[in-house]
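Here is the structure we will look at, set down as structure tokens.
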Amino acid sequence: MTGSLFKANFWSTDILSTIGYDNIIQHLNNGRKNCKEFEEFLKERAAIEEKYGKDLLSLSRKKPCGQSEINTLKRALEVFKQQVDNVAQCHIHLAQTLREEARKMEDFREKQKQQRKKTETVMDAAHKQRNLQFKKTMDAKKIYEQKCRDKDEAEQAVHRSANMANQKQQEKLFVKLATSKTAVEDSDKAYMQHVNTLDKVREDWQSEHIKACEVLEAQECERINFFRNALWVHVNQLSQQCVKSDDMYEQVRKTLEMCSIEKDIEYFVNQRKTGHIPPAPIMYENFYCPQRNAAPPGKTTGPNLARRGPLPVPKSVPDDPDYSLVDDYSLLYQ
């Protein structure tokens, strides 16, 4: 509590003025509005967190991400997808938490509203009673002043008629003076009674004003404290969300640290290797060679296949029946 600042600083010299009380009420209304705005902020933030969490969850479960990877990098990707899923669930849970905080703020606003109604009802009645009694007092004052003027006029009339011969007229003036004096006395009593009543009403109103200031100041202190704590809790929840997310991503980093490029390469080789012997060179094969290599192109017949020597040049031997000379043939049709 800050002390009784409200009751010491919200008065007015005008007995009919409510400017001090009105300023307090306006300030508290603004406070309720601010709480409402923060409540709406929490609800919208919750909607954003929920949408983000669901979108992230859908991305994690439906979108492929390195699905053909193998061995250690595959395990790292699996941990990554799982932790993204966990982060998404955390955001969805945060949305629910924020909605709960918004409901707490709404309940607090409603509670203060009901408490203020009692004070405002009492103060409205006090203001109404004060204003009514002030009007009655002012009316009584006007009557009293008028009766005083009537008495003064009656006295002046009596003095003016002192030398009048008409005795009957003088008696009428004396009767009027006596009546006006009685009227002054009666109006004076009524006026004094209304002044005393107004003073009592004023004291009652001031007492209620002080009580109202104390209650409303206490409410404002409570509201500021509640609002401050709510904001503190909110940012702590956001920080906690960041810490949780970082812890989950740390699991991915630890898995990535265990990822081995050499092991993944070896794993791929062991799973998909096709052999360690490359194809042999393709040899030249002479069509006229009596020993033709029967192996199809691209295949080797053995590791120590010897390369044949150059093709022998045939000699023109007329007596050899296996050879024919070009001279024996004619390339021209006759």
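A note on labels: chains of the structure tokens are A, B, ... as shown, every chain counts residues from 1, and ligands are counted from 1 in their shown order.
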
Excluding same-chain residues fewer than 4 positions from region 198-213 of chain A, what lies within 9 Å of it counting only C-alpha atoms, as a list in words? Ser4, Leu5, Phe6, Lys7, Ala8, Phe10, Ile15, Tyr21, Ile24, Thr119, Glu120, Val122, Met123, Ala126, His127, Gln129, Arg130, Gln133, Phe134, Lys136, Thr137, Gln193, His194, Glu217 and Ala218 of chain A

Filtering to N, CA, C and O atoms, could you give me those residues as a compact mmCIF listing (two decimals), in the first residue's frame?
# COMPACT_ATOMS: atom_id res chain seq x y z
N SER A 4 -2.60 6.80 2.28
CA SER A 4 -3.90 7.39 1.94
C SER A 4 -3.72 8.58 1.01
O SER A 4 -4.03 9.73 1.37
N LEU A 5 -3.23 8.32 -0.17
CA LEU A 5 -3.01 9.41 -1.12
C LEU A 5 -4.30 9.88 -1.75
O LEU A 5 -4.47 11.07 -2.02
N PHE A 6 -5.22 8.97 -2.01
CA PHE A 6 -6.47 9.36 -2.65
C PHE A 6 -7.28 10.31 -1.77
O PHE A 6 -7.74 11.36 -2.23
N LYS A 7 -7.45 9.93 -0.50
CA LYS A 7 -8.33 10.74 0.36
C LYS A 7 -7.73 12.09 0.70
O LYS A 7 -8.44 12.98 1.20
N ALA A 8 -6.43 12.27 0.47
CA ALA A 8 -5.79 13.54 0.79
C ALA A 8 -5.66 14.46 -0.41
O ALA A 8 -5.30 15.63 -0.25
N PHE A 10 -8.02 14.43 -3.40
CA PHE A 10 -9.14 14.50 -4.35
C PHE A 10 -10.36 15.16 -3.72
O PHE A 10 -11.45 14.59 -3.65
N ILE A 15 -18.80 22.54 -2.61
CA ILE A 15 -19.47 21.43 -1.92
C ILE A 15 -20.25 20.54 -2.87
O ILE A 15 -20.46 19.35 -2.60
N TYR A 21 -13.76 12.73 -6.97
CA TYR A 21 -14.30 11.36 -7.05
C TYR A 21 -14.40 10.91 -8.49
O TYR A 21 -14.06 9.76 -8.81
N ILE A 24 -11.06 9.79 -9.84
CA ILE A 24 -10.69 8.45 -9.35
C ILE A 24 -11.42 7.37 -10.13
O ILE A 24 -10.83 6.37 -10.58
N THR A 119 -19.37 0.40 -3.51
CA THR A 119 -18.86 1.73 -3.18
C THR A 119 -19.55 2.80 -3.99
O THR A 119 -19.93 3.87 -3.46
N GLU A 120 -19.73 2.55 -5.27
CA GLU A 120 -20.35 3.54 -6.15
C GLU A 120 -21.81 3.78 -5.76
O GLU A 120 -22.31 4.91 -5.84
N VAL A 122 -23.10 3.54 -2.70
CA VAL A 122 -23.10 4.36 -1.49
C VAL A 122 -22.76 5.81 -1.82
O VAL A 122 -23.40 6.75 -1.31
N MET A 123 -21.77 6.01 -2.68
CA MET A 123 -21.36 7.38 -3.02
C MET A 123 -22.42 8.10 -3.83
O MET A 123 -22.64 9.31 -3.65
N ALA A 126 -24.91 9.25 -1.36
CA ALA A 126 -24.37 10.36 -0.55
C ALA A 126 -24.38 11.66 -1.35
O ALA A 126 -24.73 12.73 -0.82
N HIS A 127 -24.00 11.56 -2.63
CA HIS A 127 -24.03 12.76 -3.47
C HIS A 127 -25.46 13.28 -3.66
O HIS A 127 -25.70 14.50 -3.60
N GLN A 129 -28.06 12.84 -1.62
CA GLN A 129 -28.53 13.41 -0.35
C GLN A 129 -27.89 14.76 -0.09
O GLN A 129 -28.56 15.71 0.36
N ARG A 130 -26.62 14.88 -0.36
CA ARG A 130 -25.93 16.15 -0.16
C ARG A 130 -26.50 17.24 -1.06
O ARG A 130 -26.78 18.36 -0.61
N GLN A 133 -30.06 18.24 0.12
CA GLN A 133 -30.07 19.05 1.33
C GLN A 133 -29.49 20.44 1.06
O GLN A 133 -29.96 21.43 1.65
N PHE A 134 -28.53 20.51 0.18
CA PHE A 134 -27.98 21.82 -0.17
C PHE A 134 -29.06 22.68 -0.82
O PHE A 134 -29.18 23.87 -0.52
N LYS A 136 -32.33 22.42 -0.39
CA LYS A 136 -33.29 22.80 0.65
C LYS A 136 -32.74 23.94 1.50
O LYS A 136 -33.47 24.87 1.86
N THR A 137 -31.46 23.87 1.80
CA THR A 137 -30.84 24.92 2.62
C THR A 137 -30.84 26.25 1.88
O THR A 137 -31.13 27.31 2.47
N GLN A 193 -31.98 25.28 10.92
CA GLN A 193 -32.17 23.83 10.97
C GLN A 193 -31.64 23.17 9.70
O GLN A 193 -30.97 22.13 9.76
N HIS A 194 -31.93 23.79 8.55
CA HIS A 194 -31.43 23.23 7.29
C HIS A 194 -29.90 23.31 7.21
O HIS A 194 -29.25 22.39 6.67
N GLU A 217 -8.52 3.16 -3.62
CA GLU A 217 -7.05 3.13 -3.68
C GLU A 217 -6.53 1.72 -3.45
O GLU A 217 -5.60 1.28 -4.11
N ALA A 218 -7.16 1.03 -2.51
CA ALA A 218 -6.76 -0.36 -2.26
C ALA A 218 -7.02 -1.23 -3.49
O ALA A 218 -6.21 -2.09 -3.85

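The gap separating CA of Val158 (chain A) from CA of Glu171 (chain A) is 9.2 Å, in Å to one decimal.
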
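In this model, the gap between CA of Gln146 (chain A) and CA of Asn166 (chain A) comes to 28.5 Å.
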
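In this structure, CA of Ile19 (chain A) sits 24.3 Å away from CA of Cys35 (chain A).
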
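The list of residues with at least one atom within 12 Å of Arg109 (chain A), based on only C-alpha atoms and without residues fewer than 5 positions apart in the same chain, reads A:Leu28, A:Asn29, A:Asn30, A:Gly31, A:Arg32, A:Lys33, A:Asn34, A:Cys35, A:Lys36, A:Glu37, A:Phe38, A:Glu39, A:Ala102, A:Arg103, A:Lys104, A:Gln114, A:Gln115, A:Arg116, A:Gln219, A:Glu220, A:Glu222, A:Arg223, A:Ile224, A:Phe226, A:Phe227.
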
Expected file: the selected residues, N, CA and C atoms, as a PDB file, in the first residue's frame:
ATOM      1  N   LEU A  28      -9.921   4.369 -12.514  1.00  0.00           N
ATOM      2  CA  LEU A  28     -10.180   2.948 -12.320  1.00  0.00           C
ATOM      3  C   LEU A  28     -10.848   2.320 -13.534  1.00  0.00           C
ATOM      4  N   ASN A  29     -11.701   3.093 -14.207  1.00  0.00           N
ATOM      5  CA  ASN A  29     -12.301   2.590 -15.447  1.00  0.00           C
ATOM      6  C   ASN A  29     -11.235   2.342 -16.508  1.00  0.00           C
ATOM      7  N   ASN A  30     -10.266   3.256 -16.585  1.00  0.00           N
ATOM      8  CA  ASN A  30      -9.164   3.061 -17.519  1.00  0.00           C
ATOM      9  C   ASN A  30      -8.353   1.826 -17.151  1.00  0.00           C
ATOM     10  N   GLY A  31      -8.192   1.595 -15.849  1.00  0.00           N
ATOM     11  CA  GLY A  31      -7.477   0.406 -15.398  1.00  0.00           C
ATOM     12  C   GLY A  31      -8.184  -0.874 -15.807  1.00  0.00           C
ATOM     13  N   ARG A  32      -9.510  -0.894 -15.659  1.00  0.00           N
ATOM     14  CA  ARG A  32     -10.286  -2.063 -16.088  1.00  0.00           C
ATOM     15  C   ARG A  32     -10.154  -2.263 -17.591  1.00  0.00           C
ATOM     16  N   LYS A  33     -10.155  -1.160 -18.330  1.00  0.00           N
ATOM     17  CA  LYS A  33      -9.985  -1.246 -19.780  1.00  0.00           C
ATOM     18  C   LYS A  33      -8.615  -1.816 -20.128  1.00  0.00           C
ATOM     19  N   ASN A  34      -7.581  -1.400 -19.406  1.00  0.00           N
ATOM     20  CA  ASN A  34      -6.236  -1.911 -19.665  1.00  0.00           C
ATOM     21  C   ASN A  34      -6.149  -3.406 -19.386  1.00  0.00           C
ATOM     22  N   CYS A  35      -6.797  -3.840 -18.320  1.00  0.00           N
ATOM     23  CA  CYS A  35      -6.824  -5.276 -18.006  1.00  0.00           C
ATOM     24  C   CYS A  35      -7.556  -6.049 -19.104  1.00  0.00           C
ATOM     25  N   LYS A  36      -8.635  -5.477 -19.597  1.00  0.00           N
ATOM     26  CA  LYS A  36      -9.381  -6.103 -20.681  1.00  0.00           C
ATOM     27  C   LYS A  36      -8.522  -6.206 -21.938  1.00  0.00           C
ATOM     28  N   GLU A  37      -7.768  -5.170 -22.231  1.00  0.00           N
ATOM     29  CA  GLU A  37      -6.901  -5.201 -23.409  1.00  0.00           C
ATOM     30  C   GLU A  37      -5.829  -6.281 -23.278  1.00  0.00           C
ATOM     31  N   PHE A  38      -5.247  -6.419 -22.081  1.00  0.00           N
ATOM     32  CA  PHE A  38      -4.243  -7.465 -21.881  1.00  0.00           C
ATOM     33  C   PHE A  38      -4.881  -8.848 -21.969  1.00  0.00           C
ATOM     34  N   GLU A  39      -6.082  -8.952 -21.467  1.00  0.00           N
ATOM     35  CA  GLU A  39      -6.818 -10.219 -21.581  1.00  0.00           C
ATOM     36  C   GLU A  39      -7.017 -10.602 -23.049  1.00  0.00           C
ATOM     37  N   ALA A 102      -5.735 -15.727 -19.310  1.00  0.00           N
ATOM     38  CA  ALA A 102      -6.739 -14.746 -19.741  1.00  0.00           C
ATOM     39  C   ALA A 102      -8.006 -14.875 -18.908  1.00  0.00           C
ATOM     40  N   ARG A 103      -8.400 -16.108 -18.589  1.00  0.00           N
ATOM     41  CA  ARG A 103      -9.590 -16.319 -17.748  1.00  0.00           C
ATOM     42  C   ARG A 103      -9.359 -15.776 -16.337  1.00  0.00           C
ATOM     43  N   LYS A 104      -8.153 -15.922 -15.835  1.00  0.00           N
ATOM     44  CA  LYS A 104      -7.844 -15.369 -14.507  1.00  0.00           C
ATOM     45  C   LYS A 104      -7.987 -13.852 -14.516  1.00  0.00           C
ATOM     46  N   GLN A 114     -17.664  -5.959  -9.210  1.00  0.00           N
ATOM     47  CA  GLN A 114     -18.701  -6.161  -8.199  1.00  0.00           C
ATOM     48  C   GLN A 114     -18.372  -5.415  -6.912  1.00  0.00           C
ATOM     49  N   GLN A 115     -17.099  -5.394  -6.536  1.00  0.00           N
ATOM     50  CA  GLN A 115     -16.704  -4.674  -5.328  1.00  0.00           C
ATOM     51  C   GLN A 115     -16.927  -3.169  -5.488  1.00  0.00           C
ATOM     52  N   ARG A 116     -16.632  -2.652  -6.656  1.00  0.00           N
ATOM     53  CA  ARG A 116     -16.798  -1.224  -6.894  1.00  0.00           C
ATOM     54  C   ARG A 116     -18.260  -0.819  -6.922  1.00  0.00           C
ATOM     55  N   GLN A 219      -8.158  -0.973  -4.143  1.00  0.00           N
ATOM     56  CA  GLN A 219      -8.461  -1.709  -5.372  1.00  0.00           C
ATOM     57  C   GLN A 219      -7.441  -1.438  -6.457  1.00  0.00           C
ATOM     58  N   GLU A 220      -7.058  -0.182  -6.594  1.00  0.00           N
ATOM     59  CA  GLU A 220      -6.093   0.176  -7.634  1.00  0.00           C
ATOM     60  C   GLU A 220      -4.734  -0.443  -7.341  1.00  0.00           C
ATOM     61  N   GLU A 222      -4.289  -3.205  -5.734  1.00  0.00           N
ATOM     62  CA  GLU A 222      -4.468  -4.625  -6.032  1.00  0.00           C
ATOM     63  C   GLU A 222      -4.431  -4.871  -7.534  1.00  0.00           C
ATOM     64  N   ARG A 223      -5.075  -3.982  -8.292  1.00  0.00           N
ATOM     65  CA  ARG A 223      -5.104  -4.148  -9.756  1.00  0.00           C
ATOM     66  C   ARG A 223      -3.709  -4.027 -10.365  1.00  0.00           C
ATOM     67  N   ILE A 224      -2.967  -3.013  -9.937  1.00  0.00           N
ATOM     68  CA  ILE A 224      -1.617  -2.826 -10.474  1.00  0.00           C
ATOM     69  C   ILE A 224      -0.743  -4.037 -10.141  1.00  0.00           C
ATOM     70  N   PHE A 226      -1.765  -7.112  -9.478  1.00  0.00           N
ATOM     71  CA  PHE A 226      -2.238  -8.281 -10.225  1.00  0.00           C
ATOM     72  C   PHE A 226      -1.781  -8.198 -11.682  1.00  0.00           C
ATOM     73  N   PHE A 227      -1.932  -7.012 -12.280  1.00  0.00           N
ATOM     74  CA  PHE A 227      -1.540  -6.810 -13.677  1.00  0.00           C
ATOM     75  C   PHE A 227      -0.033  -7.042 -13.835  1.00  0.00           C
TER      76      PHE A 227
END

Contact check, region 83-124 of chain A to region 51-74 of chain A, at most 9 Å, counting only C-alpha atoms, closest pairs as a tab-separated table:
residue	atom	partner	partner_atom	distance
A:Val84	CA	A:Ser60	CA	6.3
A:Asp85	CA	A:Leu57	CA	5.5
A:Asn86	CA	A:Leu57	CA	8.4
A:Val87	CA	A:Gly53	CA	7.6
A:Ala88	CA	A:Gly53	CA	4.2
A:Gln89	CA	A:Gly53	CA	6.3
A:Cys90	CA	A:Gly53	CA	7.5
A:His91	CA	A:Gly53	CA	5.0
A:Ile92	CA	A:Gly53	CA	5.2
A:His93	CA	A:Gly53	CA	8.7
A:Ala95	CA	A:Gly53	CA	8.8

If you run DSSP on the backbone here, which positions in region 71-299 of chain A get alpha helix (DSSP H)? Please write them as a ChimeraX atom specification. /A:71-160,167-257,261-272

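Nearest-residue note for Tyr249 (chain A): choosing from A:Thr197, A:Val233, A:Lys81, A:Lys118, the minimum distance belongs to A:Lys81, counting only C-alpha atoms.
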
Find the spatial neighbours of His159 (chain A), counting only C-alpha atoms, within a cut-off of 12 Å - ignore same-chain residues fewer than 6 positions away - and output them as a ChimeraX atom specification. /A:152-153,170,173-174,177

Residues within 12 Å of Lys254 (chain A), please, as JSON, numbers by chain. Count only C-alpha atoms; anything in the same chain fewer than 2 positions from it doesn't count. {"A": [72, 73, 75, 76, 77, 79, 80, 247, 248, 249, 250, 251, 252, 256, 257, 258, 259]}
